[in-house]
Each structure stands twice: as structure tokens, then as C-alpha cells.
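Asks: Provided below: query_14.cif, containing mmCIF, C-alpha atoms.
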```
data_start
#
loop_
_atom_site.group_PDB
_atom_site.id
_atom_site.type_symbol
_atom_site.label_atom_id
_atom_site.label_comp_id
_atom_site.auth_asym_id
_atom_site.auth_seq_id
_atom_site.Cartn_x
_atom_site.Cartn_y
_atom_site.Cartn_z
ATOM 1 C CA MET A 549 -43.070 53.927 12.040
ATOM 2 C CA LYS A 550 -46.294 52.107 11.169
ATOM 3 C CA ARG A 551 -49.282 54.021 9.913
ATOM 4 C CA LYS A 552 -52.222 54.090 12.267
ATOM 5 C CA ILE A 553 -55.260 51.987 11.383
ATOM 6 C CA GLN A 554 -58.046 54.288 10.321
ATOM 7 C CA LYS A 555 -61.401 53.873 11.990
ATOM 8 C CA ASN A 556 -63.287 53.992 8.748
ATOM 9 C CA THR A 557 -66.867 54.475 7.732
ATOM 10 C CA TRP A 558 -68.407 53.288 4.484
ATOM 11 C CA GLN A 559 -67.838 56.790 3.109
ATOM 12 C CA THR A 560 -64.063 56.346 3.476
ATOM 13 C CA LEU A 561 -64.140 53.011 1.689
ATOM 14 C CA ALA A 562 -66.418 54.503 -0.950
ATOM 15 C CA GLN A 563 -63.769 57.151 -1.576
ATOM 16 C CA GLU A 564 -61.197 54.370 -1.943
ATOM 17 C CA LEU A 565 -63.411 52.671 -4.519
ATOM 18 C CA LYS A 566 -63.375 55.828 -6.649
ATOM 19 C CA LYS A 567 -59.594 55.836 -6.918
ATOM 20 C CA ASN A 568 -58.100 54.453 -10.102
ATOM 21 C CA HIS A 569 -55.837 52.000 -8.301
ATOM 22 C CA PHE A 570 -55.051 48.431 -9.286
ATOM 23 C CA ARG A 571 -55.696 46.131 -6.326
ATOM 24 C CA VAL A 572 -54.925 42.490 -5.594
ATOM 25 C CA ALA A 573 -57.044 40.467 -3.152
ATOM 26 C CA ILE A 574 -55.274 37.742 -1.197
ATOM 27 C CA PHE A 575 -57.371 35.089 0.552
ATOM 28 C CA GLY A 576 -56.016 32.436 2.912
ATOM 29 C CA SER A 577 -56.186 30.748 6.291
ATOM 30 C CA ALA A 578 -56.308 32.767 9.512
ATOM 31 C CA ARG A 579 -54.758 29.821 11.390
ATOM 32 C CA ILE A 580 -51.296 29.747 9.799
ATOM 33 C CA LYS A 581 -48.487 31.040 12.035
ATOM 34 C CA LYS A 582 -45.382 33.104 11.304
ATOM 35 C CA ASN A 583 -43.024 30.109 11.302
ATOM 36 C CA ASP A 584 -44.957 28.400 8.503
ATOM 37 C CA LEU A 585 -43.532 28.337 4.957
ATOM 38 C CA CYS A 586 -46.894 29.455 3.579
ATOM 39 C CA TYR A 587 -46.787 32.582 5.773
ATOM 40 C CA GLU A 588 -43.379 33.435 4.313
ATOM 41 C CA GLN A 589 -44.622 32.849 0.763
ATOM 42 C CA VAL A 590 -47.550 35.218 1.235
ATOM 43 C CA PHE A 591 -45.294 37.837 2.852
ATOM 44 C CA GLU A 592 -42.901 37.750 -0.116
ATOM 45 C CA LEU A 593 -45.672 37.855 -2.719
ATOM 46 C CA ALA A 594 -47.395 40.781 -0.999
ATOM 47 C CA SER A 595 -44.081 42.588 -0.674
ATOM 48 C CA GLU A 596 -43.588 42.315 -4.428
ATOM 49 C CA ILE A 597 -47.139 43.554 -5.016
ATOM 50 C CA GLY A 598 -46.352 46.583 -2.841
ATOM 51 C CA LYS A 599 -43.135 47.299 -4.761
ATOM 52 C CA HIS A 600 -45.206 47.613 -7.938
ATOM 53 C CA HIS A 601 -47.393 50.299 -6.294
ATOM 54 C CA PHE A 602 -50.461 48.016 -6.310
ATOM 55 C CA ASP A 603 -52.907 48.095 -3.410
ATOM 56 C CA ILE A 604 -53.706 44.924 -1.506
ATOM 57 C CA VAL A 605 -57.022 43.734 -0.063
ATOM 58 C CA THR A 606 -57.370 41.034 2.605
ATOM 59 C CA GLY A 607 -59.788 40.000 5.320
ATOM 60 C CA GLY A 608 -57.679 42.129 7.662
ATOM 61 C CA GLY A 609 -57.264 39.441 10.323
ATOM 62 C CA PRO A 610 -54.464 37.141 11.528
ATOM 63 C CA GLY A 611 -52.651 34.289 9.766
ATOM 64 C CA LEU A 612 -52.125 34.657 6.034
ATOM 65 C CA MET A 613 -54.091 37.910 6.043
ATOM 66 C CA GLU A 614 -51.558 39.397 8.444
ATOM 67 C CA ALA A 615 -48.718 37.979 6.324
ATOM 68 C CA ALA A 616 -50.137 39.709 3.247
ATOM 69 C CA ASN A 617 -50.694 43.083 4.908
ATOM 70 C CA ALA A 618 -47.291 42.996 6.647
ATOM 71 C CA GLY A 619 -45.497 41.969 3.461
ATOM 72 C CA HIS A 620 -47.206 44.738 1.511
ATOM 73 C CA GLU A 621 -46.204 47.298 4.127
ATOM 74 C CA HIS A 622 -42.612 46.081 3.895
ATOM 75 C CA GLY A 623 -42.457 46.174 0.100
ATOM 76 C CA ARG A 624 -44.223 49.420 -0.725
ATOM 77 C CA GLY A 625 -42.048 51.720 1.375
ATOM 78 C CA LYS A 626 -43.492 55.209 0.965
ATOM 79 C CA ASN A 627 -44.882 54.799 -2.549
ATOM 80 C CA GLY A 628 -48.482 55.440 -1.481
ATOM 81 C CA ALA A 629 -49.956 51.988 -2.118
ATOM 82 C CA HIS A 630 -52.714 51.078 0.340
ATOM 83 C CA SER A 631 -53.287 48.019 2.496
ATOM 84 C CA ILE A 632 -57.021 47.410 2.911
ATOM 85 C CA GLY A 633 -58.660 45.056 5.410
ATOM 86 C CA LEU A 634 -62.288 43.925 5.229
ATOM 87 C CA THR A 635 -62.950 42.357 8.617
ATOM 88 C CA ILE A 636 -65.986 40.251 9.530
ATOM 89 C CA ASP A 637 -67.878 39.173 12.665
ATOM 90 C CA LEU A 638 -66.592 35.725 13.706
ATOM 91 C CA PRO A 639 -66.729 33.656 16.920
ATOM 92 C CA LYS A 640 -62.899 33.470 16.893
ATOM 93 C CA GLU A 641 -59.944 34.851 14.910
ATOM 94 C CA ASN A 642 -61.910 38.109 14.989
ATOM 95 C CA PHE A 643 -59.333 40.877 15.382
ATOM 96 C CA PRO A 644 -57.633 43.166 12.854
ATOM 97 C CA ASN A 645 -53.904 42.946 12.231
ATOM 98 C CA LYS A 646 -51.624 45.967 12.705
ATOM 99 C CA HIS A 647 -50.720 46.575 9.071
ATOM 100 C CA LEU A 648 -53.872 48.164 7.632
ATOM 101 C CA ASP A 649 -54.347 51.632 6.167
ATOM 102 C CA VAL A 650 -58.061 51.283 5.462
ATOM 103 C CA ARG A 651 -60.389 49.043 7.430
ATOM 104 C CA GLU A 652 -64.075 48.313 6.949
ATOM 105 C CA HIS A 653 -65.965 45.908 9.221
ATOM 106 C CA PHE A 654 -68.865 43.731 8.052
ATOM 107 C CA ALA A 655 -71.543 41.696 9.785
ATOM 108 C CA VAL A 656 -72.714 39.911 6.612
ATOM 109 C CA PHE A 657 -70.427 37.733 4.489
ATOM 110 C CA SER A 658 -72.164 38.453 1.184
ATOM 111 C CA LYS A 659 -71.702 42.235 1.494
ATOM 112 C CA ARG A 660 -68.057 41.733 2.386
ATOM 113 C CA LEU A 661 -67.462 39.428 -0.574
ATOM 114 C CA ASP A 662 -69.180 41.858 -2.937
ATOM 115 C CA THR A 663 -66.836 44.583 -1.693
ATOM 116 C CA PHE A 664 -63.811 42.382 -2.354
ATOM 117 C CA MET A 665 -64.988 41.951 -5.918
ATOM 118 C CA MET A 666 -65.603 45.690 -6.417
ATOM 119 C CA LEU A 667 -62.092 46.479 -5.208
ATOM 120 C CA SER A 668 -60.042 43.775 -6.897
ATOM 121 C CA GLY A 669 -58.408 43.438 -10.297
ATOM 122 C CA ALA A 670 -56.839 40.068 -9.487
ATOM 123 C CA VAL A 671 -57.416 37.423 -6.825
ATOM 124 C CA VAL A 672 -54.855 35.152 -5.172
ATOM 125 C CA ILE A 673 -56.139 32.104 -3.304
ATOM 126 C CA MET A 674 -53.689 30.663 -0.794
ATOM 127 C CA PRO A 675 -54.275 27.474 1.228
ATOM 128 C CA GLY A 676 -57.163 27.705 3.660
ATOM 129 C CA GLY A 677 -60.343 26.159 4.974
ATOM 130 C CA VAL A 678 -64.059 26.792 4.580
ATOM 131 C CA GLY A 679 -63.774 30.585 4.503
ATOM 132 C CA THR A 680 -61.025 30.584 1.874
ATOM 133 C CA SER A 681 -62.954 28.059 -0.217
ATOM 134 C CA LEU A 682 -66.050 30.266 -0.016
ATOM 135 C CA GLU A 683 -64.024 33.241 -1.220
ATOM 136 C CA PHE A 684 -62.629 31.204 -4.112
ATOM 137 C CA PHE A 685 -66.006 29.849 -5.233
ATOM 138 C CA TYR A 686 -67.691 33.231 -4.896
ATOM 139 C CA SER A 687 -65.027 34.874 -7.067
ATOM 140 C CA TRP A 688 -65.254 32.051 -9.578
ATOM 141 C CA GLN A 689 -69.046 32.029 -9.773
ATOM 142 C CA LEU A 690 -69.387 35.794 -10.236
ATOM 143 C CA SER A 691 -66.784 35.642 -12.977
ATOM 144 C CA GLN A 692 -68.430 32.598 -14.598
ATOM 145 C CA VAL A 693 -71.846 34.256 -14.838
ATOM 146 C CA LYS A 694 -70.278 37.605 -15.817
ATOM 147 C CA HIS A 695 -71.595 39.531 -12.838
ATOM 148 C CA ILE A 696 -68.106 41.010 -12.580
ATOM 149 C CA PRO A 697 -65.498 41.704 -15.277
ATOM 150 C CA SER A 698 -63.214 38.779 -15.973
ATOM 151 C CA LEU A 699 -60.253 38.758 -13.603
ATOM 152 C CA PRO A 700 -57.495 36.209 -12.962
ATOM 153 C CA ILE A 701 -58.075 33.837 -10.052
ATOM 154 C CA ILE A 702 -54.657 32.563 -8.998
ATOM 155 C CA LEU A 703 -54.532 29.323 -7.018
ATOM 156 C CA TYR A 704 -51.246 29.171 -5.125
ATOM 157 C CA GLY A 705 -49.836 25.857 -3.879
ATOM 158 C CA GLU A 706 -50.196 22.096 -3.915
ATOM 159 C CA MET A 707 -53.568 22.086 -2.146
ATOM 160 C CA TRP A 708 -55.248 23.625 -5.182
ATOM 161 C CA GLU A 709 -53.467 21.330 -7.641
ATOM 162 C CA HIS A 710 -55.286 18.397 -6.044
ATOM 163 C CA PHE A 711 -58.560 20.310 -6.078
ATOM 164 C CA MET A 712 -58.290 21.222 -9.764
ATOM 165 C CA GLN A 713 -57.583 17.586 -10.596
ATOM 166 C CA TRP A 714 -60.877 16.733 -8.882
ATOM 167 C CA VAL A 715 -62.578 19.443 -10.958
ATOM 168 C CA ALA A 716 -61.207 17.851 -14.142
ATOM 169 C CA ASP A 717 -62.141 14.313 -13.073
ATOM 170 C CA PHE A 718 -65.709 15.056 -12.010
ATOM 171 C CA PRO A 719 -67.624 18.299 -12.746
ATOM 172 C CA LEU A 720 -65.726 19.019 -15.976
ATOM 173 C CA LYS A 721 -65.775 15.422 -17.199
ATOM 174 C CA ASP A 722 -69.472 15.053 -16.345
ATOM 175 C CA GLY A 723 -70.406 18.301 -18.114
ATOM 176 C CA TYR A 724 -71.436 20.283 -15.030
ATOM 177 C CA ILE A 725 -68.979 23.008 -16.017
ATOM 178 C CA SER A 726 -67.498 23.947 -19.388
ATOM 179 C CA PRO A 727 -63.825 24.254 -20.394
ATOM 180 C CA GLU A 728 -64.267 28.019 -20.813
ATOM 181 C CA ASP A 729 -65.246 28.250 -17.141
ATOM 182 C CA LEU A 730 -61.608 27.450 -16.337
ATOM 183 C CA GLU A 731 -60.020 30.041 -18.609
ATOM 184 C CA ASN A 732 -59.346 32.585 -15.854
ATOM 185 C CA ILE A 733 -58.233 29.999 -13.262
ATOM 186 C CA HIS A 734 -54.444 29.831 -12.930
ATOM 187 C CA GLN A 735 -52.399 27.394 -10.861
ATOM 188 C CA VAL A 736 -49.006 28.602 -9.605
ATOM 189 C CA ARG A 737 -46.284 27.234 -7.356
ATOM 190 C CA ASN A 738 -44.279 30.336 -6.516
ATOM 191 C CA GLU A 739 -44.227 34.110 -6.266
ATOM 192 C CA GLU A 740 -42.696 34.611 -9.718
ATOM 193 C CA GLU A 741 -45.497 32.737 -11.486
ATOM 194 C CA ALA A 742 -48.138 34.631 -9.492
ATOM 195 C CA MET A 743 -46.580 38.023 -10.237
ATOM 196 C CA GLU A 744 -46.387 37.262 -13.954
ATOM 197 C CA ILE A 745 -50.167 36.795 -14.034
ATOM 198 C CA ILE A 746 -50.812 39.857 -11.843
ATOM 199 C CA LEU A 747 -48.671 42.063 -14.092
ATOM 200 C CA LYS A 748 -50.507 40.824 -17.188
ATOM 201 C CA ALA A 749 -53.818 41.656 -15.499
ATOM 202 C CA TYR A 750 -52.556 45.131 -14.637
ATOM 203 C CA LYS A 751 -51.422 45.733 -18.217
ATOM 204 C CA ALA A 752 -54.786 44.583 -19.561
ATOM 205 C CA CYS A 753 -56.583 46.832 -17.073
ATOM 206 C CA LYS A 754 -54.552 49.898 -18.128
ATOM 207 C CA GLU A 755 -55.242 49.217 -21.814
ATOM 208 C CA LYS A 756 -59.026 49.296 -21.392
#
```
Starting from the coordinates I provided, produce the structure as C-alpha cells.

Replies:
Amino acid sequence: MKRKIQKNTWQTLAQELKKNHFRVAIFGSARIKKNDLCYEQVFELASEIGKHHFDIVTGGGPGLMEAANAGHEHGRGKNGAHSIGLTIDLPKENFPNKHLDVREHFAVFSKRLDTFMMLSGAVVIMPGGVGTSLEFFYSWQLSQVKHIPSLPIILYGEMWEHFMQWVADFPLKDGYISPEDLENIHQVRNEEEAMEIILKAYKACKEK
């Protein structure tokens, strides 16, 4: 039996922020369907995250967000890990999926992104469009300028391999960014590589 989605206020999310939980944010396209390989990859990764008792944070909508929340629900069983959705006003793809324990709705992207960063100890970037790219660059910039503690930003899949080659060929080569700006950016091709980085981040977090 699925848990009911809570109709939350900021106070409920504020209480969640106070908990000493390790959380993983997963960003990705809302347009990818259940029969897509990428959907299955996100489901399996989120399931593994749930098995390790880690919370998960997504945009709470359809597509890869739904895959992440559903996979987490499948993997965690009754271990108490939470599935959190931060939804946003959009002209389309604007409905929450059915696998959330905590939901907070936002009208402003910047406030939503700041909340993602407050909640998350690691970030996974799956394939996606403008919204996913915004989430990636926002995470990267805040980390670069040290407005948030350093956290791993995990780029999953071939799409990001091509992008990081462009980064090396242009902004890095031309001196617009420094090599150290790439130290917390990780490229992975599968769930095992992603989980290895997430587990290292969890261990580092517990040792602080």
C-alpha cells in the first residue's frame, strides 16, 4: 500500500531540513516515458539509494522524476527513508507523481533550487533539457563559488560526456574556468559507478 502524499506547508519541509538524513537529489527530463532505457536506469539507481536508507529529492513530477521516486519507494521497503518532491508552477508537465512522502510546491525557480541545495548531500544529473541544465549549472555555480559545501555532482550518461568534452575544448581551454572547478564533477555510465560516488559522499558527510 502506497503512502499518501502529504499536503505540506513550509513548516513540514522545515522540519525535514532539521533531520540528520543524507539525501540525494536526482534531476532529469519530465518527458521520458516508462518504456525508455533511461527511465529504467533512474528507477534502479533510486531503488539502490532507498536500500541504503538515504532520502531522495526530485522535482516531484512525471518522467525521470517519477522514475526516481517510484524506484526509491520500491527499494527502501519500510526502512523509513523519505521521498521528497519539490514541484513548480509550469505551463505543462505540472502534476505531482504518486510516490512522494513530502511535497512542497514553489512558484519561483530560484527558491526551489535553493531548497534542493539545502536538502542534498549529492546530486545526480540525468539526461534532460533546459530545466535539467539549469539545475546542473545552478548546483555547479553554487559549489564553485562556495555558497554551499562541496558536494559531488554526478553526470549520468552519454549526453553529459559530449557536454564535458565541450567544456574541456572551450571554457577550460580558454581560461574561463579553472581545473579545480571540475574537481567535484563526476561522469558515470551506470548505477554502480554512481553509487560508488554517493557512498563516498555519505562516508565523508558522517565523518565531519

Asks: To one decimal place in Å, what is the distance between CA of Gln589 in chain A and CA of Gly576 in chain A?

Replies: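 Interatomic distance, CA of Gln589 in chain A to CA of Gly576 in chain A: 11.6 Å.
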
Asks: Could you expand the PyMOL selection byres ((chain A and resi 594-597) around 8) into the explicit residues it covers here, written as a count of residues only?

Replies: 23

Asks: Can you give me, as a list in words, the residues this file yields under the PyMOL selection byres ((chain A and resi 643-645) around 7)?

Replies: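 On the file shown, the PyMOL selection byres ((chain A and resi 643-645) around 7) covers Gly608, Gly609, Pro610, Glu614, Thr635, Glu641, Asn642, Lys646, His647 and Leu648 of chain A.
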
Asks: Using all atoms listed in the file, which residue out of A:Ala716, A:Leu667, A:Val678, A:Ile673 lies closest to Arg579 in chain A?

Replies: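 Result for the nearest residue to Arg579 in chain A: A:Val678.
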
Asks: Which residues are close to Glu709 in chain A, i.e. within 9 Å by only C-alpha atoms, leaving aside same-chain residues fewer than 5 positions away? Reply as a list in words.

Replies: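 Listing them by chain and then by number gives Leu703, Tyr704, Trp714, Gln735 and Val736 of chain A.
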
Asks: Written as an NGL selection string, what is the full residue list that the PyMOL selection byres ((chain A and resi 606) around 6) yields on the file shown?

Replies: :A and (573-574 or 605 or 607-608 or 613 or 633)

Asks: Work out how far apart CA of His695 in chain A and CA of Glu739 in chain A are and give it in Å to one decimal.

Replies: 28.7 Å

Asks: What's around range 718-730 of chain A at 10 Å? Count all atoms listed in the file, leave out sequence neighbours fewer than 2 positions away in its own chain, and write the answer as a PyMOL selection string.

Replies: chain A and resi 688-689+691-693+701+712-716+732-734

Asks: Next, the residues of the selection above should be written as a short mmCIF file (atom, residue, chain, number, x, y, z; two decimals), in the frame of the given file with C-alpha atoms.

Replies:
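Output file result-v2.cif follows:
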```
data_model
loop_
_atom_site.label_atom_id
_atom_site.label_comp_id
_atom_site.auth_asym_id
_atom_site.auth_seq_id
_atom_site.Cartn_x
_atom_site.Cartn_y
_atom_site.Cartn_z
CA TRP A 688 -65.25 32.05 -9.58
CA GLN A 689 -69.05 32.03 -9.77
CA SER A 691 -66.78 35.64 -12.98
CA GLN A 692 -68.43 32.60 -14.60
CA VAL A 693 -71.85 34.26 -14.84
CA ILE A 701 -58.08 33.84 -10.05
CA MET A 712 -58.29 21.22 -9.76
CA GLN A 713 -57.58 17.59 -10.60
CA TRP A 714 -60.88 16.73 -8.88
CA VAL A 715 -62.58 19.44 -10.96
CA ALA A 716 -61.21 17.85 -14.14
CA ASN A 732 -59.35 32.58 -15.85
CA ILE A 733 -58.23 30.00 -13.26
CA HIS A 734 -54.44 29.83 -12.93
#
```

Asks: So which one's closest to Val656 in chain A, A:Leu638, A:Ser577, A:Gly669, A:Tyr750? Using all atoms listed in the file, please.

Replies: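 Under the stated criterion, the closest residue is A:Leu638.
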
Asks: Contacts of Ala749 in chain A at 12 Å or less, counting only C-alpha atoms, minus same-chain residues fewer than 2 places along, as a VMD selection string?

Replies: chain A and resid 570 to 572 602 668 to 671 697 to 702 732 742 to 747 751 to 756

Asks: Using all atoms listed in the file, which of the listed residues (A:Ile632, A:Gly611, A:Ile580, A:Leu682) sits closest to Thr560 in chain A?

Replies: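 The closest residue to Thr560 in chain A is A:Ile632.
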
Asks: For CA of Pro639 in chain A and CA of Met666 in chain A, determine how far apart the two atoms are, in Å to one decimal place.

Replies: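 Between CA of Pro639 in chain A and CA of Met666 in chain A the gap is 26.3 Å.
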
Asks: Mind working out the centre and edge lengths of an axis-aligned box for range 693-710 of chain A, all listed atoms inside, 5 Å added to each side, rounded to one decimal in Å and written as JSON?

Replies:
```
{"center_x": -60.8, "center_y": 30.1, "center_z": -9.1, "size_x": 32.0, "size_y": 33.3, "size_z": 23.8}
```

Asks: Considering only C-alpha atoms, can you say which of A:Lys626, A:Lys748, A:Arg651, A:Lys582 comes closest to Glu564 in chain A?

Replies: A:Arg651

Asks: Choose the residue, out of A:Val650, A:Glu740, A:Met707, A:Tyr587, that has the smallest atom-to-atom separation from Gly677 in chain A; count only C-alpha atoms.

Replies: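 Looking only at the distances to Gly677 in chain A, the closest residue turns out to be A:Met707.
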